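Asker: See data_18.cif below, with mmCIF, C-alpha atoms and all ligand atoms.
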data_input
#
loop_
_atom_site.label_atom_id
_atom_site.label_comp_id
_atom_site.auth_asym_id
_atom_site.auth_seq_id
_atom_site.Cartn_x
_atom_site.Cartn_y
_atom_site.Cartn_z
CA MET A 866 5.74 6.21 -36.21
CA HIS A 867 9.16 7.78 -35.82
CA LYS A 868 9.49 8.87 -32.20
CA ASP A 869 11.24 12.21 -32.79
CA ARG A 870 9.03 14.93 -34.19
CA ILE A 871 10.41 17.23 -36.88
CA TRP A 872 9.15 20.74 -36.15
CA LEU A 873 8.33 23.61 -38.51
CA SER A 874 10.57 26.05 -36.70
CA SER A 875 12.07 25.52 -33.26
CA PRO A 876 14.42 27.63 -31.12
CA HIS A 877 18.11 27.39 -32.08
CA MET A 878 20.57 28.75 -29.57
CA GLY A 879 23.90 30.14 -30.69
CA GLY A 880 25.98 29.25 -27.63
CA SER A 881 26.67 32.43 -25.67
CA GLU A 882 23.10 33.12 -24.51
CA GLN A 883 23.63 31.47 -21.10
CA GLU A 884 26.76 33.50 -20.41
CA TYR A 885 24.78 36.71 -20.92
CA ILE A 886 22.01 35.35 -18.70
CA LYS A 887 24.58 34.53 -16.02
CA GLU A 888 25.88 38.11 -16.22
CA ALA A 889 22.33 39.31 -15.59
CA PHE A 890 21.99 37.01 -12.57
CA ASP A 891 25.41 38.00 -11.19
CA ALA A 892 24.47 41.69 -11.38
CA ASN A 893 20.89 40.98 -10.20
CA TRP A 894 19.40 42.69 -13.27
CA ILE A 895 16.34 40.40 -13.26
CA ALA A 896 13.89 43.04 -14.40
CA PRO A 897 12.59 44.90 -17.45
CA VAL A 898 15.54 47.25 -17.00
CA GLY A 899 19.23 46.49 -17.32
CA PRO A 900 22.29 46.71 -19.54
CA HIS A 901 21.41 43.82 -21.88
CA ILE A 902 18.34 45.68 -23.12
CA GLU A 903 20.29 48.68 -24.42
CA ALA A 904 23.04 46.42 -25.78
CA PHE A 905 20.49 44.30 -27.66
CA GLU A 906 18.82 47.43 -29.03
CA SER A 907 22.09 48.79 -30.35
CA GLN A 908 22.93 45.44 -31.98
CA LEU A 909 19.59 45.59 -33.78
CA GLU A 910 20.16 49.22 -34.79
CA GLN A 911 23.52 48.33 -36.29
CA TYR A 912 22.04 45.34 -38.08
CA LEU A 913 19.18 47.35 -39.61
CA VAL A 914 21.54 50.31 -40.32
CA SER A 915 18.72 52.86 -39.98
CA GLY A 916 16.14 53.34 -37.23
CA SER A 917 15.99 53.55 -33.44
CA VAL A 918 14.92 50.33 -31.74
CA ALA A 919 12.77 49.93 -28.61
CA ALA A 920 12.90 46.35 -27.25
CA LEU A 921 9.47 45.14 -26.09
CA ASN A 922 7.91 41.99 -24.67
CA SER A 923 6.29 40.85 -27.94
CA GLY A 924 5.82 41.66 -31.59
CA THR A 925 2.12 42.10 -30.89
CA SER A 926 2.76 44.81 -28.29
CA ALA A 927 5.14 46.45 -30.79
CA ILE A 928 2.30 46.62 -33.34
CA HIS A 929 -0.02 48.03 -30.68
CA LEU A 930 2.45 50.79 -29.71
CA GLY A 931 3.35 51.39 -33.37
CA LEU A 932 -0.28 52.07 -34.23
CA ILE A 933 -0.56 54.43 -31.24
CA LEU A 934 2.53 56.34 -32.45
CA LEU A 935 0.91 56.63 -35.88
CA GLY A 936 -2.12 58.24 -34.23
CA VAL A 937 -4.64 55.40 -34.61
CA GLY A 938 -7.60 55.70 -32.22
CA VAL A 939 -11.25 54.84 -31.71
CA GLY A 940 -13.31 54.77 -34.92
CA ASP A 941 -10.30 54.94 -37.27
CA ARG A 942 -9.74 52.54 -40.17
CA VAL A 943 -6.49 50.66 -40.63
CA ILE A 944 -5.59 48.74 -43.77
CA CYS A 945 -3.94 45.34 -43.41
CA GLN A 946 -3.15 42.46 -45.76
CA SER A 947 -5.57 39.62 -45.21
CA LEU A 948 -3.07 36.76 -45.57
CA THR A 949 -1.16 37.14 -42.31
CA PHE A 950 -1.06 36.01 -38.70
CA ALA A 951 -3.87 37.39 -36.50
CA ALA A 952 -1.30 39.30 -34.44
CA SER A 953 -0.95 41.78 -37.34
CA VAL A 954 -4.62 42.71 -36.91
CA ASN A 955 -5.60 42.26 -33.26
CA PRO A 956 -3.97 45.53 -32.10
CA ILE A 957 -6.21 47.48 -34.52
CA LEU A 958 -9.14 46.19 -32.46
CA TYR A 959 -7.42 46.86 -29.11
CA LEU A 960 -7.54 50.52 -30.15
CA GLY A 961 -11.23 50.51 -31.04
CA ALA A 962 -10.36 51.00 -34.71
CA ALA A 963 -11.66 48.93 -37.64
CA ALA A 964 -9.71 46.79 -40.09
CA VAL A 965 -9.87 46.96 -43.90
CA PHE A 966 -8.48 43.83 -45.54
CA ILE A 967 -6.56 43.55 -48.81
CA ASP A 968 -5.83 40.57 -51.05
CA SER A 969 -2.32 39.34 -51.86
CA GLU A 970 -0.48 39.64 -55.17
CA SER A 971 1.06 36.53 -56.71
CA GLU A 972 4.76 37.52 -56.72
CA THR A 973 5.37 38.00 -52.98
CA TRP A 974 1.97 36.92 -51.54
CA ASN A 975 1.87 40.28 -49.74
CA LEU A 976 -0.22 43.48 -50.11
CA CYS A 977 -1.60 43.79 -53.65
CA PRO A 978 -0.89 47.39 -54.74
CA ILE A 979 -3.93 47.48 -57.03
CA ALA A 980 -6.40 46.35 -54.37
CA LEU A 981 -4.66 48.60 -51.85
CA GLU A 982 -5.20 51.71 -53.95
CA GLU A 983 -8.78 50.68 -54.75
CA ALA A 984 -9.46 50.35 -51.01
CA ILE A 985 -7.94 53.74 -50.18
CA VAL A 986 -9.89 55.52 -52.93
CA ASP A 987 -13.14 53.82 -51.90
CA GLN A 988 -12.65 54.49 -48.18
CA ILE A 989 -11.84 58.15 -48.88
CA LYS A 990 -15.05 58.36 -50.92
CA LYS A 991 -16.90 57.10 -47.85
CA ASN A 992 -15.18 59.79 -45.81
CA LYS A 993 -13.16 57.14 -43.96
CA LYS A 994 -9.61 57.84 -45.03
CA PRO A 995 -7.45 55.06 -43.52
CA LYS A 996 -5.17 56.17 -40.71
CA ALA A 997 -2.41 53.62 -41.36
CA ILE A 998 -1.37 50.74 -43.61
CA ILE A 999 0.05 47.50 -42.19
CA ALA A 1000 2.25 45.70 -44.72
CA VAL A 1001 3.73 42.29 -43.89
CA HIS A 1002 6.81 40.49 -45.24
CA LEU A 1003 5.14 37.08 -45.11
CA TYR A 1004 7.36 34.05 -44.47
CA GLY A 1005 10.35 36.39 -44.81
CA VAL A 1006 9.65 37.38 -48.43
CA PRO A 1007 9.69 41.20 -48.74
CA TYR A 1008 6.51 42.88 -49.93
CA GLN A 1009 6.63 45.11 -53.04
CA VAL A 1010 8.50 47.80 -51.13
CA GLU A 1011 8.53 50.53 -53.77
CA ALA A 1012 4.97 50.13 -55.04
CA ILE A 1013 3.52 50.11 -51.51
CA ARG A 1014 5.61 53.11 -50.41
CA ALA A 1015 4.53 55.08 -53.50
CA ILE A 1016 0.84 54.51 -52.71
CA ALA A 1017 1.27 55.34 -49.01
CA ASP A 1018 3.01 58.61 -49.95
CA ARG A 1019 0.53 59.48 -52.69
CA TYR A 1020 -2.32 59.46 -50.15
CA GLY A 1021 -0.26 60.61 -47.16
CA ILE A 1022 -0.98 57.48 -45.10
CA PRO A 1023 1.77 56.18 -42.79
CA LEU A 1024 3.08 52.64 -43.14
CA LEU A 1025 3.55 50.12 -40.33
CA GLU A 1026 5.98 47.48 -41.60
CA ASP A 1027 5.28 44.11 -39.96
CA SER A 1028 8.73 42.55 -40.23
CA ALA A 1029 8.04 39.94 -37.53
CA GLU A 1030 8.98 37.14 -39.91
CA ALA A 1031 11.65 38.98 -41.88
CA LEU A 1032 14.69 39.81 -39.75
CA GLY A 1033 17.60 39.20 -42.13
CA SER A 1034 15.55 39.68 -45.32
CA ARG A 1035 16.46 42.49 -47.70
CA TYR A 1036 15.09 44.46 -50.62
CA LYS A 1037 17.73 45.92 -52.98
CA GLY A 1038 20.26 45.33 -50.21
CA GLN A 1039 18.33 47.27 -47.57
CA ALA A 1040 17.22 45.45 -44.41
CA CYS A 1041 13.57 44.59 -43.81
CA GLY A 1042 12.58 46.43 -40.67
CA SER A 1043 13.85 49.72 -42.08
CA PHE A 1044 11.14 50.51 -44.64
CA GLY A 1045 8.11 51.54 -42.58
CA ASP A 1046 7.33 54.79 -40.80
CA VAL A 1047 7.49 52.36 -37.90
CA ALA A 1048 8.48 48.68 -38.14
CA VAL A 1049 7.95 45.64 -35.97
CA LEU A 1050 10.18 42.67 -35.19
CA SER A 1051 9.27 39.50 -33.28
CA PHE A 1052 11.53 37.23 -31.24
CA ASN A 1053 8.93 34.61 -30.39
CA GLY A 1054 10.17 31.04 -29.95
CA ASN A 1055 9.44 30.07 -33.56
CA LYS A 1056 10.93 33.15 -35.28
CA ILE A 1057 14.26 33.59 -37.01
CA ILE A 1058 15.89 34.51 -33.71
CA THR A 1059 14.21 34.18 -30.32
CA THR A 1060 14.39 35.77 -26.89
CA SER A 1061 11.88 33.10 -25.69
CA GLY A 1062 9.23 35.76 -26.24
CA GLY A 1063 9.84 39.33 -27.31
CA GLY A 1064 9.60 41.96 -29.98
CA ALA A 1065 10.82 45.37 -31.00
CA LEU A 1066 9.50 48.58 -32.46
CA VAL A 1067 11.79 50.27 -34.98
CA CYS A 1068 11.23 54.03 -34.93
CA GLY A 1069 12.37 56.73 -37.35
CA THR A 1070 13.87 58.96 -34.64
CA LYS A 1071 15.40 58.70 -31.16
CA GLU A 1072 12.54 60.85 -29.83
CA LEU A 1073 9.94 58.41 -31.13
CA LYS A 1074 11.86 55.52 -29.57
CA GLU A 1075 11.89 57.36 -26.21
CA ARG A 1076 8.15 57.92 -26.58
CA ALA A 1077 7.63 54.19 -27.25
CA ILE A 1078 9.66 53.24 -24.16
CA PHE A 1079 7.73 55.79 -22.08
CA LEU A 1080 4.40 54.24 -23.13
CA ALA A 1081 5.83 50.72 -22.66
CA THR A 1082 6.78 51.44 -19.04
CA GLN A 1083 3.36 52.60 -17.74
CA ALA A 1084 3.73 56.22 -18.97
CA LYS A 1085 5.32 57.28 -15.68
CA GLU A 1086 6.10 60.99 -15.78
CA ASN A 1087 9.48 62.19 -14.59
CA SER A 1088 8.60 63.02 -11.00
CA PRO A 1089 9.47 61.65 -7.52
CA HIS A 1090 5.92 60.37 -7.03
CA TYR A 1091 3.90 58.27 -9.47
CA GLN A 1092 2.51 60.86 -11.88
CA HIS A 1093 0.46 59.69 -14.89
CA ASN A 1094 -0.90 62.09 -17.48
CA GLU A 1095 -1.78 59.43 -20.07
CA ILE A 1096 -2.48 55.73 -20.42
CA GLY A 1097 0.56 53.46 -20.33
CA TYR A 1098 1.36 49.81 -20.96
CA ASN A 1099 3.62 47.18 -19.41
CA TYR A 1100 5.37 46.22 -22.65
CA ARG A 1101 9.12 46.56 -22.00
CA MET A 1102 11.45 43.62 -22.68
CA SER A 1103 13.02 41.87 -19.69
CA ASN A 1104 16.79 42.05 -19.23
CA ILE A 1105 16.88 38.23 -19.19
CA CYS A 1106 15.17 38.01 -22.57
CA ALA A 1107 17.53 40.68 -23.94
CA ALA A 1108 20.45 38.50 -22.73
CA ILE A 1109 19.19 35.70 -24.96
CA GLY A 1110 18.73 38.20 -27.80
CA ARG A 1111 22.37 39.34 -27.54
CA GLY A 1112 23.55 35.76 -28.02
CA GLN A 1113 21.12 35.23 -30.90
CA MET A 1114 22.32 38.34 -32.76
CA GLU A 1115 25.80 36.79 -32.90
CA VAL A 1116 24.41 33.97 -35.08
CA VAL A 1117 21.56 35.68 -36.95
CA ASP A 1118 23.26 35.71 -40.36
CA GLU A 1119 24.45 32.14 -39.95
CA HIS A 1120 20.88 31.08 -39.12
CA VAL A 1121 19.48 32.99 -42.11
CA GLY A 1122 21.99 31.11 -44.27
CA LEU A 1123 20.79 27.77 -42.85
CA ARG A 1124 17.10 28.65 -43.46
CA ARG A 1125 18.00 29.53 -47.03
CA LYS A 1126 19.72 26.15 -47.35
CA MET A 1127 16.46 24.49 -46.24
CA HIS A 1128 14.65 26.42 -48.99
CA ALA A 1129 17.25 25.27 -51.56
CA PHE A 1130 16.76 21.71 -50.29
CA TYR A 1131 13.02 21.93 -51.03
CA VAL A 1132 13.58 23.51 -54.47
CA ASP A 1133 15.76 20.53 -55.30
CA LEU A 1134 13.42 17.96 -53.70
CA PHE A 1135 10.32 19.16 -55.60
CA LYS A 1136 12.12 19.86 -58.90
CA GLY A 1137 10.76 16.78 -60.67
CA ILE A 1138 7.38 16.68 -58.93
CA GLU A 1139 4.49 17.88 -61.04
CA GLY A 1140 1.90 20.15 -59.42
CA VAL A 1141 4.10 21.41 -56.59
CA THR A 1142 5.71 24.85 -56.61
CA VAL A 1143 8.15 26.05 -53.98
CA PHE A 1144 7.46 29.69 -53.14
CA SER A 1145 10.53 31.76 -54.05
CA VAL A 1146 11.39 35.42 -54.51
CA PRO A 1147 10.38 36.92 -57.89
CA ASN A 1148 13.80 38.38 -58.79
CA GLU A 1149 17.19 39.28 -57.35
CA ASP A 1150 16.05 42.59 -55.87
CA TYR A 1151 14.51 40.38 -53.19
CA PHE A 1152 16.56 38.53 -50.58
CA ALA A 1153 14.41 36.33 -48.32
CA ASN A 1154 15.42 34.81 -45.00
CA TYR A 1155 12.91 32.03 -45.88
CA TRP A 1156 11.77 31.95 -42.28
CA LEU A 1157 9.39 29.23 -43.43
CA SER A 1158 9.69 27.34 -46.69
CA THR A 1159 6.26 27.01 -48.28
CA ILE A 1160 4.80 25.16 -51.26
CA LEU A 1161 1.60 25.17 -53.28
CA VAL A 1162 0.10 21.76 -54.03
CA ALA A 1163 -2.25 21.58 -57.02
CA ALA A 1164 -5.07 19.15 -56.26
CA ASN A 1165 -5.20 16.02 -58.42
CA ALA A 1166 -8.31 14.00 -57.53
CA GLU A 1167 -7.33 11.10 -59.80
CA LYS A 1168 -4.06 10.55 -57.96
CA GLY A 1169 -5.47 11.43 -54.53
CA ILE A 1170 -3.07 14.33 -54.25
CA ASP A 1171 -3.86 17.58 -52.50
CA ARG A 1172 -2.47 19.78 -49.76
CA ASP A 1173 -4.24 17.99 -46.93
CA ALA A 1174 -3.29 14.51 -48.13
CA LEU A 1175 0.37 15.60 -48.14
CA ARG A 1176 -0.03 17.19 -44.71
CA LEU A 1177 -1.46 13.92 -43.34
CA ALA A 1178 1.37 11.92 -44.91
CA PHE A 1179 3.85 14.18 -43.10
CA GLU A 1180 1.86 13.81 -39.89
CA ALA A 1181 1.95 10.00 -40.18
CA ALA A 1182 5.76 10.28 -40.31
CA ASN A 1183 5.72 12.60 -37.26
CA ILE A 1184 6.73 15.60 -39.35
CA GLU A 1185 5.00 18.91 -38.64
CA SER A 1186 3.58 20.85 -41.59
CA ARG A 1187 0.80 23.43 -41.62
CA PRO A 1188 -1.51 25.24 -44.03
CA LEU A 1189 -0.57 28.86 -44.73
CA TRP A 1190 -2.18 31.54 -42.55
CA LYS A 1191 -5.93 31.50 -42.97
CA PRO A 1192 -6.87 34.90 -44.42
CA MET A 1193 -8.24 37.35 -41.88
CA HIS A 1194 -11.32 38.25 -43.95
CA LEU A 1195 -12.38 34.58 -43.63
CA GLN A 1196 -11.99 34.47 -39.84
CA PRO A 1197 -15.25 34.58 -37.85
CA VAL A 1198 -13.87 37.30 -35.59
CA PHE A 1199 -12.96 39.62 -38.50
CA GLU A 1200 -15.29 38.66 -41.37
CA HIS A 1201 -17.56 41.71 -40.94
CA PHE A 1202 -14.77 44.08 -41.99
CA PRO A 1203 -14.46 45.24 -45.62
CA TYR A 1204 -12.24 43.29 -48.02
CA TYR A 1205 -10.79 44.44 -51.36
CA GLY A 1206 -9.35 42.16 -54.02
CA GLY A 1207 -9.97 38.77 -55.58
CA GLN A 1208 -9.53 35.18 -54.47
CA LEU A 1209 -5.75 34.84 -54.35
CA ALA A 1210 -5.35 34.84 -50.56
CA GLU A 1211 -8.11 32.25 -50.36
CA ARG A 1212 -6.50 30.02 -53.00
CA LEU A 1213 -3.11 30.28 -51.29
CA PHE A 1214 -4.78 29.17 -48.07
CA GLU A 1215 -6.37 26.20 -49.83
CA GLU A 1216 -3.24 25.00 -51.63
CA GLY A 1217 -0.38 26.23 -49.46
CA LEU A 1218 1.66 24.26 -46.96
CA CYS A 1219 4.47 25.39 -44.62
CA LEU A 1220 7.28 22.87 -44.27
CA PRO A 1221 9.93 22.23 -41.60
CA SER A 1222 12.33 25.14 -42.03
CA GLY A 1223 14.41 25.51 -38.87
CA SER A 1224 18.08 26.44 -38.96
CA ASN A 1225 18.75 23.44 -36.67
CA LEU A 1226 17.46 20.61 -38.89
CA THR A 1227 19.90 17.75 -39.48
CA ASP A 1228 20.83 15.70 -42.54
CA GLU A 1229 18.96 12.77 -41.02
CA GLU A 1230 15.81 14.90 -40.67
CA ARG A 1231 16.13 16.14 -44.25
CA ASP A 1232 16.39 12.49 -45.34
CA ARG A 1233 13.18 11.63 -43.47
CA ILE A 1234 11.40 14.54 -45.15
CA ALA A 1235 12.69 13.50 -48.60
CA VAL A 1236 11.67 9.86 -48.10
CA THR A 1237 8.16 10.92 -47.03
CA VAL A 1238 7.73 13.25 -50.00
CA LYS A 1239 9.02 10.71 -52.54
CA ALA A 1240 6.79 7.96 -51.13
CA PHE A 1241 3.74 10.25 -51.22
CA PHE A 1242 4.31 11.26 -54.86
CA GLY A 1243 5.19 7.68 -55.84
CA GLN A 1244 8.78 8.43 -56.84
C1 LIG B 1301 4.80 36.35 -35.00
C2 LIG B 1301 4.12 37.43 -35.71
C3 LIG B 1301 3.63 38.56 -35.04
C4 LIG B 1301 3.56 38.68 -33.55
O1 LIG B 1301 4.73 38.57 -32.86
P1 LIG B 1301 4.70 38.01 -31.35
O2 LIG B 1301 6.10 38.30 -30.90
O3 LIG B 1301 4.40 36.55 -31.43
O4 LIG B 1301 3.70 38.77 -30.58
C5 LIG B 1301 3.07 39.58 -35.80
N1 LIG B 1301 2.97 39.50 -37.13
C6 LIG B 1301 3.40 38.42 -37.81
C7 LIG B 1301 3.27 38.40 -39.29
C8 LIG B 1301 3.97 37.34 -37.12
O5 LIG B 1301 4.36 36.25 -37.80
#
Would it be possible to restate this file's structure as structure tokens?

Answerer:
Amino acid sequence: MHKDRIWLSSPHMGGSEQEYIKEAFDANWIAPVGPHIEAFESQLEQYLVSGSVAALNSGTSAIHLGLILLGVGVGDRVICQSLTFAASVNPILYLGAAAVFIDSESETWNLCPIALEEAIVDQIKKNKKPKAIIAVHLYGVPYQVEAIRAIADRYGIPLLEDSAEALGSRYKGQACGSFGDVAVLSFNGNKIITTSGGGALVCGTKELKERAIFLATQAKENSPHYQHNEIGYNYRMSNICAAIGRGQMEVVDEHVGLRRKMHAFYVDLFKGIEGVTVFSVPNEDYFANYWLSTILVAANAEKGIDRDALRLAFEAANIESRPLWKPMHLQPVFEHFPYYGGQLAERLFEEGLCLPSGSNLTDEERDRIAVTVKAFFGQ
């Protein structure tokens, strides 16, 4: 087996991160306060063009605070697409609320507008009008922004945009992370940019951002003693992590370009291979960062071809690949919650595979991937 593993998505430093970290050490700002945090927030605000950004210690804590800002509490219902990472859903449960899961549609693999509206109408009939909708830009492909917004507005339900995978993606030229009533970014080690671990909540107003930071710093009232009138959290980003983020923002567009080159590489590689489709945006309104390149593999029993056989062939060559997210309505911890839609999310889970997609992959690594694929498909 080849000794060097090819990863799905690994950290890719730009070059100036360590200088910013050194600045933090020199000034002794080794804390969840400091000048890099505000500087990183304003870089993100400029990048997104609209919204006020609160830097936090993870995308998951950003979802938790986002739901609190949208008024979600004990006994409420929150709608979420089923095909996503568990972090989209867990914060619903932290709040004592219940999830309502929705199938994907085939163009973007995100929230199906038809099943979404069906769920809202049915839940209203049961006197359980959902308190919020969580829509995800899965693998960096924007959800159907206009259709989802129209439904949210029609029923007066606020939208939490989970843009954890979609920094750098756009819909009709507008940045993902600027479409929700609140939006969430993640800077985990495997995301499009990383702060080692971190996230952000994008708020519609400066006041809401201040409120998010207040809650993220233990809800300490402005007083000489420790005065607490409500429950707080320890969710603020560290100044050291923000230092890394500042360096990463200098290369974000370059890294998006390199991820898109990986996607183009797979489109070319699988062009002549029957039964494999590379997941791509439906039309030019959509601009994806292609955080992960993904394919669907149609099973062919005669030839011994299916998703898992391909995954094992990659594994034998020490190349990481993984099935798509397992839908939340099929997870033991969530399966008692209601689900609306058909079997698309389930089929995507059965046939889908995520491929090495990092912005730091080399020509030699692309060659190894191509050789493995061609050998597996007998070409
Ligand atoms: C990564 C991710 C999150 C969580 O972000 P963390 O920073 O890892 O907490 C949430 N939603 C989606 C869709 C993600 O991919």

Asker: Which residue is closest to Lys1071 of chain A? Choose from A:Ala919, A:Ile871, A:Leu1209, A:Leu934 and count all atoms listed in the file.

Answerer: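 Nearest to Lys1071 of chain A: A:Ala919.
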
Asker: Counting only C-alpha atoms and all ligand atoms, what are the residues, protein, DNA or RNA alike, that approach ligand LIG 1301 (chain B) to within 7 Å? I want them as a compact mmCIF listing (two decimals) with C-alpha atoms, keeping the file's coordinate frame.

Answerer:
# COMPACT_ATOMS: atom_id res chain seq x y z
CA SER A 923 6.29 40.85 -27.94
CA GLY A 924 5.82 41.66 -31.59
CA THR A 925 2.12 42.10 -30.89
CA SER A 926 2.76 44.81 -28.29
CA THR A 949 -1.16 37.14 -42.31
CA PHE A 950 -1.06 36.01 -38.70
CA ALA A 952 -1.30 39.30 -34.44
CA SER A 953 -0.95 41.78 -37.34
CA VAL A 1001 3.73 42.29 -43.89
CA LEU A 1003 5.14 37.08 -45.11
CA ASP A 1027 5.28 44.11 -39.96
CA SER A 1028 8.73 42.55 -40.23
CA ALA A 1029 8.04 39.94 -37.53
CA GLU A 1030 8.98 37.14 -39.91
CA SER A 1051 9.27 39.50 -33.28
CA PHE A 1052 11.53 37.23 -31.24
CA ASN A 1053 8.93 34.61 -30.39
CA LYS A 1056 10.93 33.15 -35.28
CA GLY A 1062 9.23 35.76 -26.24
CA GLY A 1063 9.84 39.33 -27.31
CA GLY A 1064 9.60 41.96 -29.98

Asker: Kindly provide, as a list in words, the polymer residues lying within 12 Å of (21.4, 45.9, -54.7), counting all atoms listed in the file and using the coordinates exactly as they appear in the file.

Answerer: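 So the residues meeting the distance criterion are Arg1035, Tyr1036, Lys1037, Gly1038, Gln1039, Ala1040, Asn1148, Glu1149, Asp1150, Tyr1151 and Phe1152 of chain A.
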
Asker: Find the residues near Ile999 of chain A: any atom within 9 Å, counting all atoms listed in the file, skip ones fewer than 2 places away on the same chain, and give them as an NGL selection string.

Answerer: :A and (943-946 or 953-954 or 976 or 997 or 1001 or 1023-1027)

Asker: Once you count only C-alpha atoms, which residues end up no further than 7 Å from (22.9, 39.3, -25.4) in the file's frame, shown as a ChimeraX atom specification?

Answerer: /A:882,885,901,905,1107-1112

Asker: Report, in Å to a single decimal, how far apart atom CA of His1128 of chain A and atom CA of Ile1234 of chain A are.

Answerer: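 Distance between the two atoms: 12.9 Å.
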
Asker: From the set A:Asn1094, A:Ser1186, A:Thr1060, A:Ser1034, which residue has the shortest atom-to-atom contact distance to Arg1125 of chain A, counting all atoms listed in the file?

Answerer: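 Comparing A:Asn1094, A:Ser1186, A:Thr1060, A:Ser1034 against Arg1125 of chain A, the winner is A:Ser1034.
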
Asker: Please identify all polymer residues within 6 Å of Arg942 of chain A, counting all atoms listed in the file, omitting same-chain residues fewer than 2 positions from it, and present them as a ChimeraX atom specification.

Answerer: /A:962-964,995-996

Asker: Please measure the separation of atom CA of Glu970 of chain A and atom CA of Val1143 of chain A, giving the value in Å to one decimal.

Answerer: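 Distance between the two atoms: 16.1 Å.
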
Asker: Which polymer residues have any atom within 10 Å of an atom of Leu1157 of chain A, counting all atoms listed in the file, with same-chain residues fewer than 4 positions away left out, as JSON, numbers by chain?

Answerer: {"A": [873, 874, 1003, 1004, 1005, 1006, 1030, 1055, 1056, 1057, 1124, 1125, 1127, 1128, 1144, 1153, 1218, 1219, 1220, 1221, 1222, 1223]}

Asker: For Phe1130 of chain A, which residue out of A:Gln1196, A:Ser1043, A:Asn975, A:Ser1158 is the nearest one, using all atoms listed in the file?

Answerer: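 Looking at the shortest contact to Phe1130 of chain A, the residue is A:Ser1158.
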
Asker: As a list in words, please: the residues near Lys1126 of chain A (cut-off 10 Å, only C-alpha atoms, same-chain neighbours under 5 positions excluded).

Answerer: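 Listing them by chain and then by number gives His1120, Val1121, Tyr1131, Val1132, Asn1154, Tyr1155, Ser1222 and Ser1224 of chain A.
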
Asker: Just C-alpha atoms for this one: save the residues we selected as a compact mmCIF listing (two decimals), keeping the file's coordinate frame.

Answerer:
# COMPACT_ATOMS: atom_id res chain seq x y z
CA HIS A 1120 20.88 31.08 -39.12
CA VAL A 1121 19.48 32.99 -42.11
CA TYR A 1131 13.02 21.93 -51.03
CA VAL A 1132 13.58 23.51 -54.47
CA ASN A 1154 15.42 34.81 -45.00
CA TYR A 1155 12.91 32.03 -45.88
CA SER A 1222 12.33 25.14 -42.03
CA SER A 1224 18.08 26.44 -38.96

Asker: Restricting the calculation to only C-alpha atoms: of A:Leu921, A:Leu1134, A:Ile1184, A:Val1236, which residue gets closest to Ile1160 of chain A?

Answerer: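 Of A:Leu921, A:Leu1134, A:Ile1184, A:Val1236, the one nearest Ile1160 of chain A, counting only C-alpha atoms, is A:Leu1134.
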
Asker: Give me the residues within 7 Å of Pro978 of chain A as JSON, numbers by chain, counting all atoms listed in the file and dropping any in the same chain fewer than 3 places off.

Answerer: {"A": [981, 982, 1012, 1013]}

Asker: I'd like the interatomic distance between atom CA of Glu1229 of chain A and atom CA of Met866 of chain A, to a tenth of an Å.

Answerer: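 A separation of 15.5 Å between them.
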
Asker: Looking at all atoms listed in the file, which of A:Tyr1020, A:Tyr959, A:Tyr912, A:Phe1199 is the one that sits closest to Glu1115 of chain A?

Answerer: A:Tyr912

Asker: Using all atoms listed in the file, which of A:Asp1046, A:Glu1139, A:Glu1095, A:Glu884 sits nearest Asp1171 of chain A?

Answerer: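 Between A:Asp1046, A:Glu1139, A:Glu1095, A:Glu884, the residue approaching Asp1171 of chain A most closely is A:Glu1139.
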
Asker: Just add N, CA and C atoms to segment 1224-1232 of chain A and send it as a tab-separated table (two decimals), keeping the file's coordinate frame.

Answerer:
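And here is the file that came out, rebuild-v3.tsv:
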chain	number	residue	atom	x	y	z
A	1224	SER	N	16.65	26.39	-38.67
A	1224	SER	CA	18.08	26.44	-38.96
A	1224	SER	C	18.82	25.29	-38.27
A	1225	ASN	N	18.10	24.52	-37.44
A	1225	ASN	CA	18.75	23.44	-36.67
A	1225	ASN	C	18.39	22.05	-37.18
A	1226	LEU	N	17.82	21.95	-38.37
A	1226	LEU	CA	17.46	20.61	-38.89
A	1226	LEU	C	18.73	19.88	-39.35
A	1227	THR	N	18.70	18.55	-39.19
A	1227	THR	CA	19.90	17.75	-39.48
A	1227	THR	C	19.75	17.02	-40.82
A	1228	ASP	N	20.86	16.49	-41.30
A	1228	ASP	CA	20.83	15.70	-42.54
A	1228	ASP	C	19.85	14.53	-42.42
A	1229	GLU	N	19.85	13.89	-41.24
A	1229	GLU	CA	18.96	12.77	-41.02
A	1229	GLU	C	17.49	13.21	-41.13
A	1230	GLU	N	17.19	14.39	-40.59
A	1230	GLU	CA	15.81	14.90	-40.67
A	1230	GLU	C	15.44	15.26	-42.11
A	1231	ARG	N	16.39	15.85	-42.83
A	1231	ARG	CA	16.13	16.14	-44.25
A	1231	ARG	C	15.88	14.83	-45.02
A	1232	ASP	N	16.62	13.79	-44.69
A	1232	ASP	CA	16.39	12.49	-45.34
A	1232	ASP	C	14.98	11.98	-45.06
